[in-house]
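S.K.: Below: one structure in structure tokens.
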Amino acid sequence: MRRKDLLGIRELTVEEIETILDTAEAFREVSRRNIKKVPTLRGRTVINLFFESSTRTRTSFEIAAKRLSADTINISVATSSINKGETLIDTARNLEAMVPDAIVIRHPSSGVPHQLARICRNTSVINAGDGAHEHPTQALLDALTIREHKRTIRGLEVAIIGDIAHSRVARSNLHLLTKLGANVRVAGPRTLLPPEIGRLAESRPGKIVVTSFVEEAIEAADVILLLRVQLEREASAHFPSLREYASFYGLNAKRLQLARKDVIVIHPGPVNRGIEVASDVIDGPYSLVYEQVTNGVAVRMAVLYLLMGGNKLDAVKEVHEATHQERAGSRPVTTTTDAS
Amino acid sequence: MRRKDLLGIRELTVEEIETILDTAEAFREVSRRNIKKVPTLRGRTVINLFFESSTRTRTSFEIAAKRLSADTINISVATSSINKGETLIDTARNLEAMVPDAIVIRHPSSGVPHQLARICRNTSVINAGDGAHEHPTQALLDALTIREHKRTIRGLEVAIIGDIAHSRVARSNLHLLTKLGANVRVAGPRTLLPPEIGRLAESRPGKIVVTSFVEEAIEAADVILLLRVQLEREASAHFPSLREYASFYGLNAKRLQLARKDVIVIHPGPVNRGIEVASDVIDGPYSLVYEQVTNGVAVRMAVLYLLMGGNKLDAVKEVHEATHQERAGSRPVTTTTDAS
Amino acid sequence: MRRKDLLGIRELTVEEIETILDTAEAFREVSRRNIKKVPTLRGRTVINLFFESSTRTRTSFEIAAKRLSADTINISVATSSINKGETLIDTARNLEAMVPDAIVIRHPSSGVPHQLARICRNTSVINAGDGAHEHPTQALLDALTIREHKRTIRGLEVAIIGDIAHSRVARSNLHLLTKLGANVRVAGPRTLLPPEIGRLAESRPGKIVVTSFVEEAIEAADVILLLRVQLEREASAHFPSLREYASFYGLNAKRLQLARKDVIVIHPGPVNRGIEVASDVIDGPYSLVYEQVTNGVAVRMAVLYLLMGGNKLDAVKEVHEATHQERAGSRPVTTTTDAS
């Protein structure tokens, strides 16, 4: 991969997506070992720059960086002097002057990661969610999870249900799934279906179907991707009540029966139990929400590694060597061979 | 030790307590060296999950983990998206999906660490204080401090003074001290003595004595354990005024003379000078408050190490080897032998 | 350097300042490499104790410590239980009991780092800004930047412009620049020139000139050091309006022409564009604001290293060895030689 940044799925080629997923598969092994660490990015600096708080995503990136032996710096802008009226450009240039190797950025405004990437010419920028635009590592971890269970994404019937208009997760997944050859059916309240989606559907006839009936989307689906209802802002504005949302769009056991027998259910979390999904479904055998979280660490390891100049074959080799060394070690917990 | 979690002192056997204290003694050496680090837990991930802010305890655990070469992740729930209405179970499962080796949890509600430990089957859970229930590593560091100065805890007369009813420190210490054979005298305002303590005293006649006269508790004591008056909530509710508390229960130089000549004074901190203890006492020769803090790091290293599968003899060996290597090193500050 | 602490520039000898700058030059190389890390301070613990929020300075110290392989602990007092009414002395003693090797402290009150240094006898204390008193690493990074471009500081004409009375940056720079033999001209609104500066100027005739006309300070200057207008507190109190400040004291292209052709412009950041400096000046060819940030990491590495017992020659040797090892490595990203 010859890319400096990961800003969105839209820019990626099919080959790049597959390289990331294959590399993530190799790195998934690392978290299954006792010593969950490879020396791959030792001496590299990764800055997590979060303008919106997100414990999960920040923690996932931080763990990913640490398992590659990179140093991590967390900057949370709520508590930051970046508030002292500095422009984004100045913040970016200042951070770059400390020579980080990567900046992971989450920002409430669409496009900010792209601006940052343009300013920081020598630093990899990774979009960890920008406004309602993209959240590429989420779509990649979703794809890794789907691929693991369905072997290939090509030809799958995928239902995406919920607030399509405001969801960066939906947007990144739409790009990724159509690139990889899935058929996507999008369902949600009319008020939460953005106008562009109709045009997109027309431009790819048969590949993207839009409906406001959730049953139509779910029927014979291989994969159901649920979106989170963002309680804090939307409920009152875009649909009459949460109860109504749950009854018309929530995934419950009955609706799940419309899907294929081997359907899988994924959700970016955190889950609103009883709203977009019933508790028995999210805790049930079709739900893969925790595998998604595990895959999130692996995908973020892969993205950090590839953007900083690594390649797929080396990753496989690294993990193999490290596993071999761990097995060769004589004592269970400790590894004094490389000295204290 | 074949335990996955450390949830309270109540569950521990005498042998387990002694194993932790012995291992802590070995690890205490590490912090006395120039290179305060052993490679023991390299590649392990420790999450500090704090639902109450506590700089001291979090810092102590973080330093302990780092001196064992583990990677640490801090999650402070005040600033966390865990607030987005997610249940504890979902939070726990999500964290576990990132495959941490240990979660250190502090929570205002009693029993939450136990719930977490039940959910996270492959992750060690360490209780860093839950409501008014237990704070096991505090009692262990108190015991380490006492043992260091008194050789054995068996047969010692220990006074615990203050708000027994709301103190997790008191509760964990009562379990630990009686298990290890000390005689405990508990003193505090009647309103701050919980009803159970009377029953506990009756069930162990001569081992636990309850009184509302502080002098009775202090007389001929080997150890005085002071509890912190939690200014933020109690003063007004449970006793008339801080001045009255200080005059009836505060440990001052005069009261201290009632104790044995070689008495030691311990306090979990932070200290309210002039309330539960006079400044000249806490700064005086009998006070061991700073040794307690030093021992806190050692105890937490021991707990992390033992729960993750280490054993006492290996710890001693690790520390010995690392010390030997440091001495063998030729240059004072640097250790390039294992390369940059 | 045989000093335990770095509290201010005032205490340093010329030789000490030059040792720090020379060592920083050696460490500057580290951040230019792929593997931005030397093993110099492995096993050392550095605590960042910030009573005022400052993302830049904290991040700079954290990156510096990590690139020396030290462990770092961040304590931000806004969110800290240090607020539970504990005295500074107790906080200091408690932190010291965890045996950190260095505490980096920022505090709104002048003199607090000195108090801390007196209490913590075995821990290096580094002042990262105390009230309106000193900010020594800022002055050192300014000096490193000047020296890089002007070879020597001796004999240079340096203009310091802005709120001299409340600026710890101005104070530290005044000490450093006069010690190293520069001639300093200080300009700002009369209300922001402290009375002592007049006496200081009289005591060093020709070395320090004080004026309220910015043009007088800038004329034929080799270096212009701008101070930040602290919007949050001063504007209303000390001068009529920001617009007036900008028009009388702001550095714009026209005023810049009064300086020498090879003038350099430095600013501690964050910059208020359009107030103390025009955008075209700060983005222009004379401005070195980003080099300052880069030099900040190098200076902080040098300070941490020297206070913990390192010396200049070893630093050069360390960096050389590490660079040599990196070049000798066969693969571009990874370094498995020292094992996972």
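Just remember, in the structure tokens the first chain shown is A, the second B, etc., residues are 1-based per chain, and ligands are 1-based in the order shown.
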Provide as a VMD selection string the residues of chain C at most 7 Å from chain B, counting only C-alpha atoms.

M.R.: chain C and resid 37 to 44 71 80 to 82 86 93 to 94 97 to 99 309 to 310 322 338

S.K.: Next, the residues of the selection above should be written as a short mmCIF file (atom, residue, chain, number, x, y, z; two decimals), in the first residue's frame with N, CA and C atoms.

M.R.:
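The resulting out.cif:
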data_model
loop_
_atom_site.label_atom_id
_atom_site.label_comp_id
_atom_site.auth_asym_id
_atom_site.auth_seq_id
_atom_site.Cartn_x
_atom_site.Cartn_y
_atom_site.Cartn_z
N LYS C 37 13.91 6.51 19.00
CA LYS C 37 13.99 6.05 20.38
C LYS C 37 15.42 5.63 20.70
N VAL C 38 15.90 6.06 21.86
CA VAL C 38 17.15 5.52 22.39
C VAL C 38 16.84 4.90 23.75
N PRO C 39 17.60 3.89 24.16
CA PRO C 39 17.23 3.16 25.38
C PRO C 39 17.70 3.85 26.66
N THR C 40 18.17 5.08 26.52
CA THR C 40 18.86 5.80 27.58
C THR C 40 18.18 5.79 28.94
N LEU C 41 16.89 6.05 28.98
CA LEU C 41 16.20 6.17 30.28
C LEU C 41 15.21 5.03 30.50
N ARG C 42 15.51 3.86 29.96
CA ARG C 42 14.63 2.72 30.17
C ARG C 42 14.52 2.41 31.66
N GLY C 43 13.32 2.13 32.11
CA GLY C 43 13.12 1.80 33.51
C GLY C 43 13.03 3.02 34.41
N ARG C 44 13.09 4.22 33.84
CA ARG C 44 12.88 5.43 34.63
C ARG C 44 11.42 5.86 34.52
N ASP C 71 9.24 5.55 31.19
CA ASP C 71 7.79 5.40 31.36
C ASP C 71 7.21 6.74 31.79
N SER C 80 -8.26 15.47 39.05
CA SER C 80 -7.51 14.66 40.01
C SER C 80 -8.05 14.77 41.42
N SER C 81 -7.85 13.70 42.17
CA SER C 81 -8.27 13.71 43.56
C SER C 81 -7.33 14.55 44.41
N ILE C 82 -6.27 15.08 43.77
CA ILE C 82 -5.41 16.00 44.49
C ILE C 82 -6.26 17.18 44.97
N GLU C 86 -5.87 18.13 49.74
CA GLU C 86 -4.54 17.76 50.18
C GLU C 86 -3.59 18.94 49.96
N ARG C 93 5.00 14.53 48.67
CA ARG C 93 5.58 13.39 49.39
C ARG C 93 4.98 12.09 48.94
N ASN C 94 3.70 12.11 48.64
CA ASN C 94 3.04 10.91 48.15
C ASN C 94 3.58 10.48 46.81
N ALA C 97 6.95 9.03 47.12
CA ALA C 97 6.97 7.68 47.70
C ALA C 97 6.79 6.60 46.64
N MET C 98 6.28 6.98 45.47
CA MET C 98 6.18 6.00 44.38
C MET C 98 7.48 5.93 43.58
N VAL C 99 8.48 6.68 44.02
CA VAL C 99 9.83 6.66 43.46
C VAL C 99 9.88 6.98 41.96
N GLY C 309 21.46 12.13 35.34
CA GLY C 309 22.82 11.62 35.50
C GLY C 309 23.56 11.37 34.21
N GLY C 310 22.94 11.64 33.08
CA GLY C 310 23.64 11.45 31.81
C GLY C 310 24.64 12.57 31.57
N ALA C 322 22.76 4.10 18.10
CA ALA C 322 21.40 3.74 17.71
C ALA C 322 21.21 3.96 16.22
N ASP C 338 15.91 -7.69 18.44
CA ASP C 338 15.85 -7.79 19.90
C ASP C 338 14.58 -8.46 20.39
#

S.K.: Using DSSP on the backbone coordinates, identify the residues of stretch 66-201 of chain C assigned to helix (DSSP H, G or I); present them as a ChimeraX atom specification.

M.R.: /C:66-67,77-79,81-83,88-97,112-119,136-150,168-179,190-192,195-201

S.K.: Among stretch 216-297 of chain A, which residues does DSSP mark as strand (DSSP E or B) when it is run on the backbone? Keep the chain and numbering as in the structure and answer as a short mmCIF file (atom, residue, chain, number, x, y, z; two decimals) with C-alpha atoms, in the first residue's frame.

M.R.:
data_model
loop_
_atom_site.label_atom_id
_atom_site.label_comp_id
_atom_site.auth_asym_id
_atom_site.auth_seq_id
_atom_site.Cartn_x
_atom_site.Cartn_y
_atom_site.Cartn_z
CA VAL A 223 -25.85 -9.91 6.98
CA ILE A 224 -27.81 -7.34 8.99
CA LEU A 225 -25.86 -4.21 9.92
CA LEU A 226 -27.70 -2.18 12.53
CA LEU A 251 -34.56 -5.85 15.03
CA ILE A 264 -25.13 -12.63 11.02
CA VAL A 265 -25.98 -9.45 12.92
CA ILE A 266 -23.43 -6.68 13.42
CA ARG A 273 -31.00 -2.42 23.93
CA VAL A 277 -32.24 -4.15 18.58
CA SER A 287 -24.84 -11.50 16.88
#

S.K.: Which one is closest to A:Val319: A:Leu12, A:Met301, A:Ala132, A:Leu256? Count only C-alpha atoms.

M.R.: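 Closest to A:Val319 of all the choices is A:Met301.
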